[in-house]
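> Structure file protein21.csv (CSV, C-alpha atoms) is given on the next line.
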chain,number,residue,atom,x,y,z
A,1353,MET,CA,-52.6,-2.8,-49.0
A,1354,LEU,CA,-55.4,-5.4,-48.4
A,1355,LYS,CA,-54.3,-5.7,-44.7
A,1356,THR,CA,-54.7,-1.9,-44.3
A,1357,LEU,CA,-58.1,-2.0,-46.0
A,1358,ASP,CA,-59.2,-4.8,-43.7
A,1359,LEU,CA,-58.1,-2.8,-40.7
A,1360,ALA,CA,-59.9,0.3,-41.9
A,1361,LEU,CA,-63.1,-1.6,-42.3
A,1362,LYS,CA,-62.7,-3.0,-38.8
A,1363,VAL,CA,-62.3,0.5,-37.5
A,1364,LEU,CA,-65.5,1.6,-39.2
A,1365,LYS,CA,-67.4,-1.3,-37.7
A,1366,MET,CA,-66.4,-0.2,-34.2
A,1367,PHE,CA,-68.9,2.7,-34.5
A,1368,THR,CA,-72.1,1.0,-33.4
A,1369,LYS,CA,-75.4,2.1,-32.0
A,1370,GLU,CA,-74.2,1.3,-28.5
A,1371,ARG,CA,-70.8,3.1,-29.1
A,1372,PRO,CA,-71.2,5.8,-31.8
A,1373,VAL,CA,-68.4,8.0,-30.7
A,1374,TRP,CA,-64.7,7.2,-30.1
A,1375,GLY,CA,-61.5,9.1,-29.3
A,1376,GLY,CA,-58.5,8.0,-31.3
A,1377,ARG,CA,-56.5,6.7,-28.3
A,1378,GLU,CA,-59.4,4.9,-26.7
A,1379,LEU,CA,-60.2,3.3,-30.1
A,1380,ALA,CA,-56.6,2.1,-30.5
A,1381,ASN,CA,-56.6,0.7,-26.9
A,1382,GLU,CA,-59.9,-1.1,-27.4
A,1383,MET,CA,-58.6,-2.7,-30.6
A,1384,GLY,CA,-55.1,-3.4,-29.2
A,1385,LEU,CA,-53.5,-1.5,-32.1
A,1386,ASN,CA,-50.7,1.0,-32.6
A,1387,HIS,CA,-51.9,4.6,-32.0
A,1388,THR,CA,-50.1,6.0,-35.0
A,1389,ASN,CA,-51.7,3.4,-37.4
A,1390,ILE,CA,-55.2,4.1,-36.0
A,1391,TYR,CA,-54.8,7.9,-36.4
A,1392,ARG,CA,-53.6,7.4,-40.0
A,1393,ILE,CA,-56.7,5.3,-40.8
A,1394,LEU,CA,-59.0,7.8,-39.0
A,1395,GLU,CA,-57.5,10.7,-41.0
A,1396,THR,CA,-58.0,8.9,-44.2
A,1397,LEU,CA,-61.6,8.0,-43.4
A,1398,GLU,CA,-62.3,11.6,-42.3
A,1399,LYS,CA,-60.9,12.9,-45.5
A,1400,ASN,CA,-63.3,10.7,-47.5
A,1401,ARG,CA,-66.2,11.7,-45.2
A,1402,PHE,CA,-66.8,8.2,-43.8
A,1403,ILE,CA,-66.2,9.6,-40.3
A,1404,SER,CA,-66.4,13.0,-38.8
A,1405,LYS,CA,-64.1,14.7,-36.2
A,1406,ASP,CA,-65.6,17.0,-33.6
A,1407,LYS,CA,-63.5,20.2,-33.5
A,1408,VAL,CA,-64.0,20.7,-29.8
A,1409,THR,CA,-63.8,17.1,-28.3
A,1410,LYS,CA,-61.5,15.8,-31.0
A,1411,LYS,CA,-63.6,12.6,-31.0
A,1412,TYR,CA,-64.8,10.7,-34.1
A,1413,SER,CA,-68.3,9.6,-35.2
A,1414,LEU,CA,-69.7,8.2,-38.5
A,1415,GLY,CA,-69.8,10.7,-41.4
A,1416,TYR,CA,-72.3,11.4,-44.2
A,1417,ALA,CA,-70.6,9.1,-46.7
A,1418,THR,CA,-71.4,6.1,-44.6
A,1419,TRP,CA,-75.0,7.2,-44.4
A,1420,GLU,CA,-75.2,7.8,-48.1
A,1421,LEU,CA,-73.9,4.2,-48.9
A,1422,GLY,CA,-76.4,2.8,-46.4
A,1423,MET,CA,-79.3,4.6,-48.0
A,1424,ILE,CA,-78.3,3.4,-51.5
A,1425,MET,CA,-78.1,-0.2,-50.2
A,1426,TYR,CA,-81.4,0.1,-48.4
A,1427,GLU,CA,-83.3,1.7,-51.3
A,1428,SER,CA,-82.0,-0.9,-53.7
A,1429,LEU,CA,-83.8,-3.5,-51.6
A,1430,ASN,CA,-87.2,-1.9,-52.4
A,1431,VAL,CA,-88.4,-2.5,-48.9
A,1432,SER,CA,-90.2,0.8,-48.5
A,1433,ASN,CA,-92.1,0.4,-51.8
A,1434,LEU,CA,-92.9,-3.3,-51.8
A,1435,ILE,CA,-92.7,-4.7,-48.3
A,1436,ARG,CA,-93.5,-1.8,-45.9
A,1437,PRO,CA,-97.2,-1.7,-47.0
A,1438,ILE,CA,-97.5,-5.3,-46.0
A,1439,LEU,CA,-96.0,-4.6,-42.7
A,1440,GLU,CA,-98.3,-1.7,-42.1
A,1441,ARG,CA,-101.3,-3.8,-42.8
A,1442,LEU,CA,-100.1,-6.3,-40.1
A,1443,ARG,CA,-99.6,-3.4,-37.7
A,1444,ASP,CA,-103.1,-2.1,-38.3
A,1445,LYS,CA,-104.5,-5.6,-37.7
A,1446,THR,CA,-102.6,-6.2,-34.5
A,1447,GLY,CA,-102.1,-2.7,-33.1
A,1448,GLU,CA,-98.5,-3.6,-32.2
A,1449,SER,CA,-95.0,-3.0,-33.4
A,1450,ILE,CA,-93.8,-5.0,-36.5
A,1451,PHE,CA,-90.2,-6.0,-37.3
A,1452,LEU,CA,-88.7,-7.3,-40.5
A,1453,THR,CA,-85.4,-8.9,-39.7
A,1454,VAL,CA,-82.9,-10.5,-42.1
A,1455,LEU,CA,-80.0,-12.8,-41.6
A,1456,ASP,CA,-76.5,-11.4,-42.1
A,1457,ARG,CA,-73.9,-14.1,-41.6
A,1458,ASP,CA,-74.0,-15.1,-37.9
A,1459,GLU,CA,-76.2,-12.2,-36.8
A,1460,ALA,CA,-79.6,-10.7,-37.6
A,1461,VAL,CA,-80.3,-7.1,-38.8
A,1462,THR,CA,-83.5,-5.3,-38.3
A,1463,LEU,CA,-84.4,-4.1,-41.8
A,1464,ASP,CA,-87.6,-2.3,-41.1
A,1465,VAL,CA,-89.8,-1.3,-38.2
A,1466,VAL,CA,-93.5,-0.2,-38.3
A,1467,GLU,CA,-94.9,1.0,-35.0
A,1468,PRO,CA,-98.3,2.1,-33.8
A,1469,GLU,CA,-99.0,5.5,-32.3
A,1470,ASN,CA,-99.3,4.0,-28.7
A,1471,LYS,CA,-95.8,2.5,-29.0
A,1472,VAL,CA,-93.6,1.5,-26.1
A,1473,LYS,CA,-89.9,2.2,-26.3
A,1474,PHE,CA,-87.9,-0.7,-27.8
A,1475,SER,CA,-84.2,-1.1,-27.7
A,1476,VAL,CA,-84.5,-2.5,-31.3
A,1477,SER,CA,-84.7,-0.1,-34.2
A,1478,ALA,CA,-84.0,-0.3,-38.0
A,1479,GLY,CA,-80.3,-1.1,-38.4
A,1480,SER,CA,-80.0,-2.9,-35.1
A,1481,ARG,CA,-78.0,-6.1,-34.9
A,1482,ALA,CA,-78.5,-8.9,-32.5
A,1483,PRO,CA,-77.1,-12.5,-32.0
A,1484,LEU,CA,-79.3,-15.3,-33.2
A,1485,TYR,CA,-80.0,-16.9,-29.8
A,1486,VAL,CA,-81.8,-13.9,-28.2
A,1487,GLY,CA,-85.6,-13.7,-28.3
A,1488,ALA,CA,-88.2,-14.9,-30.8
A,1489,THR,CA,-87.2,-12.6,-33.6
A,1490,TYR,CA,-83.7,-14.1,-33.8
A,1491,ARG,CA,-84.3,-17.7,-32.6
A,1492,THR,CA,-86.9,-18.3,-35.3
A,1493,ILE,CA,-84.1,-17.7,-37.8
A,1494,LEU,CA,-81.5,-19.8,-35.9
A,1495,ALA,CA,-83.9,-22.7,-35.7
A,1496,TYR,CA,-83.7,-23.3,-39.5
A,1497,MET,CA,-79.9,-22.9,-39.8
A,1498,PRO,CA,-77.7,-26.0,-40.4
A,1499,GLU,CA,-77.0,-28.1,-37.3
A,1500,ASP,CA,-73.3,-27.3,-37.1
A,1501,PHE,CA,-74.0,-23.6,-37.3
A,1502,ILE,CA,-76.6,-23.9,-34.5
A,1503,ASP,CA,-74.0,-25.7,-32.3
A,1504,SER,CA,-71.4,-23.0,-33.0
A,1505,VAL,CA,-73.9,-20.3,-31.8
A,1506,ILE,CA,-75.3,-22.0,-28.7
A,1507,HIS,CA,-71.9,-23.2,-27.4
A,1508,SER,CA,-70.3,-19.7,-27.8
A,1509,ASP,CA,-70.1,-17.1,-25.0
A,1510,LEU,CA,-73.8,-16.1,-24.6
A,1511,VAL,CA,-74.7,-12.8,-23.1
A,1512,LYS,CA,-77.7,-12.3,-20.8
A,1513,TYR,CA,-79.3,-9.1,-21.9
A,1514,THR,CA,-82.0,-9.5,-19.2
A,1515,LYS,CA,-82.5,-12.0,-16.4
A,1516,THR,CA,-84.8,-14.0,-18.7
A,1517,THR,CA,-82.4,-14.2,-21.7
A,1518,MET,CA,-82.1,-17.9,-22.6
A,1519,THR,CA,-78.4,-18.9,-22.5
A,1520,ASP,CA,-78.3,-22.5,-21.5
A,1521,PRO,CA,-77.3,-24.6,-24.5
A,1522,ASP,CA,-79.6,-27.6,-23.7
A,1523,GLU,CA,-82.5,-25.2,-23.2
A,1524,LEU,CA,-81.8,-23.4,-26.4
A,1525,LYS,CA,-81.5,-26.7,-28.3
A,1526,ALA,CA,-84.9,-27.8,-27.1
A,1527,GLU,CA,-86.5,-24.5,-27.8
A,1528,LEU,CA,-85.2,-24.5,-31.4
A,1529,GLN,CA,-86.7,-28.0,-31.9
A,1530,HIS,CA,-90.0,-26.7,-30.5
A,1531,ILE,CA,-89.9,-23.7,-33.0
A,1532,ARG,CA,-89.4,-26.1,-35.9
A,1533,GLU,CA,-92.3,-28.3,-34.7
A,1534,ARG,CA,-94.9,-25.5,-34.4
A,1535,GLY,CA,-93.4,-23.1,-37.0
A,1536,TRP,CA,-93.1,-19.9,-34.8
A,1537,ALA,CA,-91.3,-18.6,-31.8
A,1538,GLN,CA,-92.3,-16.6,-28.7
A,1539,SER,CA,-90.2,-14.8,-26.1
A,1540,ARG,CA,-90.9,-12.6,-23.1
A,1541,GLY,CA,-88.5,-9.9,-21.9
A,1542,GLU,CA,-85.3,-11.5,-23.3
A,1543,TYR,CA,-84.0,-8.5,-25.2
A,1544,THR,CA,-86.2,-5.7,-24.0
A,1545,TRP,CA,-87.7,-6.0,-20.5
A,1546,ASP,CA,-91.6,-6.4,-20.2
A,1547,VAL,CA,-91.9,-6.9,-24.0
A,1548,VAL,CA,-93.4,-10.0,-25.6
A,1549,ALA,CA,-92.4,-11.0,-29.2
A,1550,VAL,CA,-94.0,-13.5,-31.5
A,1551,ALA,CA,-92.1,-14.3,-34.7
A,1552,VAL,CA,-92.3,-16.5,-37.8
A,1553,PRO,CA,-89.4,-17.5,-40.1
A,1554,LEU,CA,-89.2,-15.9,-43.5
A,1555,PHE,CA,-88.0,-18.1,-46.4
A,1556,ASP,CA,-86.9,-17.4,-50.0
A,1557,ARG,CA,-87.2,-20.5,-52.2
A,1558,GLY,CA,-86.9,-22.8,-49.1
A,1559,GLU,CA,-83.9,-21.0,-47.6
A,1560,ILE,CA,-84.2,-19.2,-44.3
A,1561,ILE,CA,-83.5,-15.4,-44.8
A,1562,GLY,CA,-85.1,-13.7,-41.9
A,1563,SER,CA,-88.2,-13.3,-39.8
A,1564,VAL,CA,-91.4,-11.3,-39.3
A,1565,THR,CA,-92.3,-10.3,-35.7
A,1566,VAL,CA,-95.2,-8.8,-33.8
A,1567,SER,CA,-94.1,-7.3,-30.5
A,1568,GLY,CA,-95.7,-5.4,-27.7
A,1569,PRO,CA,-95.9,-4.8,-23.9
A,1570,VAL,CA,-96.7,-7.7,-21.7
A,1571,TYR,CA,-100.0,-6.3,-20.5
A,1572,ARG,CA,-101.3,-6.2,-24.1
A,1573,MET,CA,-99.7,-9.4,-25.5
A,1574,THR,CA,-101.8,-11.9,-23.8
A,1575,GLU,CA,-102.0,-15.6,-24.7
A,1576,GLU,CA,-105.3,-15.0,-26.4
A,1577,LYS,CA,-103.9,-12.2,-28.5
A,1578,ILE,CA,-100.9,-14.3,-29.4
A,1579,LYS,CA,-103.2,-17.1,-30.7
A,1580,GLU,CA,-104.9,-14.5,-32.9
A,1581,TYR,CA,-101.6,-13.1,-34.2
A,1582,VAL,CA,-99.8,-16.3,-35.2
A,1583,PRO,CA,-102.1,-17.1,-38.2
A,1584,VAL,CA,-102.0,-13.4,-39.3
A,1585,LEU,CA,-98.2,-13.4,-39.0
A,1586,MET,CA,-98.0,-16.5,-41.2
A,1587,GLU,CA,-100.3,-14.9,-43.8
A,1588,THR,CA,-98.1,-11.8,-43.8
A,1589,ARG,CA,-94.9,-14.0,-44.1
A,1590,GLU,CA,-96.4,-15.7,-47.2
A,1591,GLU,CA,-97.3,-12.4,-48.8
A,1592,ILE,CA,-93.8,-11.0,-48.2
A,1593,ALA,CA,-92.2,-14.3,-49.6
A,1594,SER,CA,-94.4,-13.9,-52.7
A,1595,VAL,CA,-93.2,-10.3,-53.3
A,1596,ILE,CA,-89.6,-11.4,-52.8
A,1597,GLU,CA,-90.0,-14.1,-55.4
A,1598,ARG,CA,-92.0,-12.0,-57.8
A,1599,TYR,CA,-89.6,-9.1,-57.8
A,1600,GLN,CA,-86.5,-11.2,-57.2
A,1601,LEU,CA,-85.5,-9.1,-54.1
A,1602,LYS,CA,-82.2,-9.9,-52.4
A,1603,LEU,CA,-82.8,-9.3,-48.8
A,1604,LYS,CA,-80.0,-11.7,-47.7
A,1605,VAL,CA,-76.5,-11.2,-48.9
The structure in this file should be written as structure tokens.


Amino acid sequence: MLKTLDLALKVLKMFTKERPVWGGRELANEMGLNHTNIYRILETLEKNRFISKDKVTKKYSLGYATWELGMIMYESLNVSNLIRPILERLRDKTGESIFLTVLDRDEAVTLDVVEPENKVKFSVSAGSRAPLYVGATYRTILAYMPEDFIDSVIHSDLVKYTKTTMTDPDELKAELQHIRERGWAQSRGEYTWDVVAVAVPLFDRGEIIGSVTVSGPVYRMTEEKIKEYVPVLMETREEIASVIERYQLKLKV
């Protein structure tokens, strides 16, 4: 029974932002599993509203029960009430997009995004996941992880999202050391082309739990602007950390 449950959860996790719709057979082929077993799991998930089947195409997508659970989890974090106002103040001070990102095992999840009216289009949105080696938002988290964890990440199969994505293990190792020395990270076009990100690590009682990022287009994020934003980012980080401690928020599972 537990093996079946584990497989059902793996099926659910196949529905991602990049691939939100699957046919039954193509899902079975992608996972290397028996077609009959996949269809039984899909039928059970559909019956319980965790996925939905299109009557015309016969393809599957996530259902409302999945959304309901996600909303319950998100609202329990009290991000909208307690942390979003802090992020909005940072956006108003910088005029750029602000990201609150949290650590989830060996990846990072964008928990909240606050954007200005003159926003550029980002490939990152609330709920997005990314590996910890890509760009300032994620590397500033990785820099404060245990050494064996860092080694397991930087020596894995690293994907180049753009031509400037940092994937050389030695270069990454040096960059992580640099982040720890100055206390913040910067990247240019590593995850979204022509976008600069500046991020600071977010701690809860000394433990790394995420990061706070200011991000904007290259033509606005000049070196002078970045020098202005880093102290404001750090002030925002401390304000968020204070709220987390005061209200005992659990942003990291």

> Write out as a list in words which residues come within 10 Å of Gly1479 in chain A when counting only C-alpha atoms, dropping same-chain ones fewer than 6 positions away.

Thr1368, Lys1369, Gly1422, Thr1453, Ala1460, Val1461, Thr1462, Leu1463, Asp1464 and Val1465 of chain A

> Deliver the residues from the most recent selection as a file, using C-alpha atoms, as a PDB file, in the frame of the given file.


ATOM      1  CA  THR A1368     -72.100   1.000 -33.400  1.00  0.00           C
ATOM      2  CA  LYS A1369     -75.400   2.100 -32.000  1.00  0.00           C
ATOM      3  CA  GLY A1422     -76.400   2.800 -46.400  1.00  0.00           C
ATOM      4  CA  THR A1453     -85.400  -8.900 -39.700  1.00  0.00           C
ATOM      5  CA  ALA A1460     -79.600 -10.700 -37.600  1.00  0.00           C
ATOM      6  CA  VAL A1461     -80.300  -7.100 -38.800  1.00  0.00           C
ATOM      7  CA  THR A1462     -83.500  -5.300 -38.300  1.00  0.00           C
ATOM      8  CA  LEU A1463     -84.400  -4.100 -41.800  1.00  0.00           C
ATOM      9  CA  ASP A1464     -87.600  -2.300 -41.100  1.00  0.00           C
ATOM     10  CA  VAL A1465     -89.800  -1.300 -38.200  1.00  0.00           C
TER      11      VAL A1465
END

> Which residue out of A:Ile1390, A:Met1383, A:Val1466, A:Arg1540 has the minimum interatomic distance to Thr1446 in chain A when only C-alpha atoms are used?

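Smallest separation from Thr1446 in chain A among the options: A:Val1466.
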
> Need the shell around range 1541-1557 of chain A: protein/DNA/RNA residues with any atom at most 9 Å away, counting all atoms listed in the file. Skip same-chain ones fewer than 2 positions apart. Format as a count of residues only?

58

> Just the number, please: distance in Å from CA of Arg1401 in chain A to CA of Ala1417 in chain A, one decimal.

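Result for CA of Arg1401 in chain A versus CA of Ala1417 in chain A: 5.3 Å, one decimal.
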
> Ranking A:Leu1452, A:Leu1359, A:Ser1504, A:Pro1483 by minimum distance to Ile1435 in chain A and counting all atoms listed in the file, which one comes first?

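Going through A:Leu1452, A:Leu1359, A:Ser1504, A:Pro1483 one by one, the smallest distance to Ile1435 in chain A is for A:Leu1452.
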
> Between A:Leu1364, A:Met1425, A:Arg1371, A:Ala1526, which one has atoms that come closest to Thr1396 in chain A, using only C-alpha atoms?

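Nearest candidate to Thr1396 in chain A out of A:Leu1364, A:Met1425, A:Arg1371, A:Ala1526: A:Leu1364.
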
> Mind giving me the straight-line distance from CA of Gly1376 in chain A to CA of Lys1411 in chain A in Å, one decimal?

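We find that CA of Gly1376 in chain A and CA of Lys1411 in chain A lie 6.9 Å from each other.
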
> Give me, please, the distance in Å between CA of Lys1362 in chain A and CA of Leu1601 in chain A, quoted to one decimal.

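Separation of CA of Lys1362 in chain A and CA of Leu1601 in chain A: 28.1 Å.
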
> Which is closest to Leu1394 in chain A among A:Tyr1485, A:Ala1360, A:Pro1372, A:Lys1365, if we use all atoms listed in the file?

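For Leu1394 in chain A, the nearest of the candidates is A:Ala1360.
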
> Can you work out which one of A:Leu1603, A:Ile1438, A:Met1497, A:Leu1414 has the shortest atom-to-atom distance to Tyr1426 in chain A, counting only C-alpha atoms?

A:Leu1603

> Please rebuild range 1579-1592 of chain A with N, CA, C and O atoms and return the result as a CSV table (one decimal), keeping the file's coordinate frame.


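selection-v7.csv, written as the output of this step:
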chain,number,residue,atom,x,y,z
A,1579,LYS,N,-102.5,-16.1,-29.9
A,1579,LYS,CA,-103.2,-17.1,-30.7
A,1579,LYS,C,-103.8,-16.5,-31.9
A,1579,LYS,O,-103.9,-17.1,-33.0
A,1580,GLU,N,-104.3,-15.2,-31.7
A,1580,GLU,CA,-104.9,-14.5,-32.9
A,1580,GLU,C,-103.8,-14.1,-33.9
A,1580,GLU,O,-104.0,-14.1,-35.1
A,1581,TYR,N,-102.6,-13.7,-33.3
A,1581,TYR,CA,-101.6,-13.1,-34.2
A,1581,TYR,C,-100.8,-14.1,-35.0
A,1581,TYR,O,-100.4,-13.7,-36.1
A,1582,VAL,N,-100.7,-15.3,-34.5
A,1582,VAL,CA,-99.8,-16.3,-35.2
A,1582,VAL,C,-100.3,-16.5,-36.6
A,1582,VAL,O,-99.6,-16.5,-37.6
A,1583,PRO,N,-101.6,-16.8,-36.9
A,1583,PRO,CA,-102.1,-17.1,-38.2
A,1583,PRO,C,-102.0,-15.8,-39.1
A,1583,PRO,O,-101.6,-16.0,-40.3
A,1584,VAL,N,-102.2,-14.6,-38.6
A,1584,VAL,CA,-102.0,-13.4,-39.3
A,1584,VAL,C,-100.5,-13.2,-39.7
A,1584,VAL,O,-100.2,-12.7,-40.8
A,1585,LEU,N,-99.7,-13.5,-38.8
A,1585,LEU,CA,-98.2,-13.4,-39.0
A,1585,LEU,C,-97.8,-14.3,-40.2
A,1585,LEU,O,-97.0,-14.0,-41.1
A,1586,MET,N,-98.3,-15.6,-40.2
A,1586,MET,CA,-98.0,-16.5,-41.2
A,1586,MET,C,-98.5,-16.1,-42.6
A,1586,MET,O,-97.9,-16.2,-43.6
A,1587,GLU,N,-99.7,-15.5,-42.6
A,1587,GLU,CA,-100.3,-14.9,-43.8
A,1587,GLU,C,-99.4,-13.8,-44.4
A,1587,GLU,O,-99.1,-13.7,-45.6
A,1588,THR,N,-98.9,-13.0,-43.4
A,1588,THR,CA,-98.1,-11.8,-43.8
A,1588,THR,C,-96.7,-12.4,-44.4
A,1588,THR,O,-96.2,-11.9,-45.4
A,1589,ARG,N,-96.2,-13.4,-43.7
A,1589,ARG,CA,-94.9,-14.0,-44.1
A,1589,ARG,C,-95.0,-14.5,-45.6
A,1589,ARG,O,-94.2,-14.3,-46.4
A,1590,GLU,N,-96.2,-15.2,-45.9
A,1590,GLU,CA,-96.4,-15.7,-47.2
A,1590,GLU,C,-96.5,-14.6,-48.3
A,1590,GLU,O,-96.0,-14.7,-49.4
A,1591,GLU,N,-97.2,-13.5,-47.9
A,1591,GLU,CA,-97.3,-12.4,-48.8
A,1591,GLU,C,-95.9,-11.7,-49.1
A,1591,GLU,O,-95.6,-11.4,-50.2
A,1592,ILE,N,-95.1,-11.6,-48.0
A,1592,ILE,CA,-93.8,-11.0,-48.2
A,1592,ILE,C,-92.9,-12.0,-49.1
A,1592,ILE,O,-92.2,-11.5,-50.0
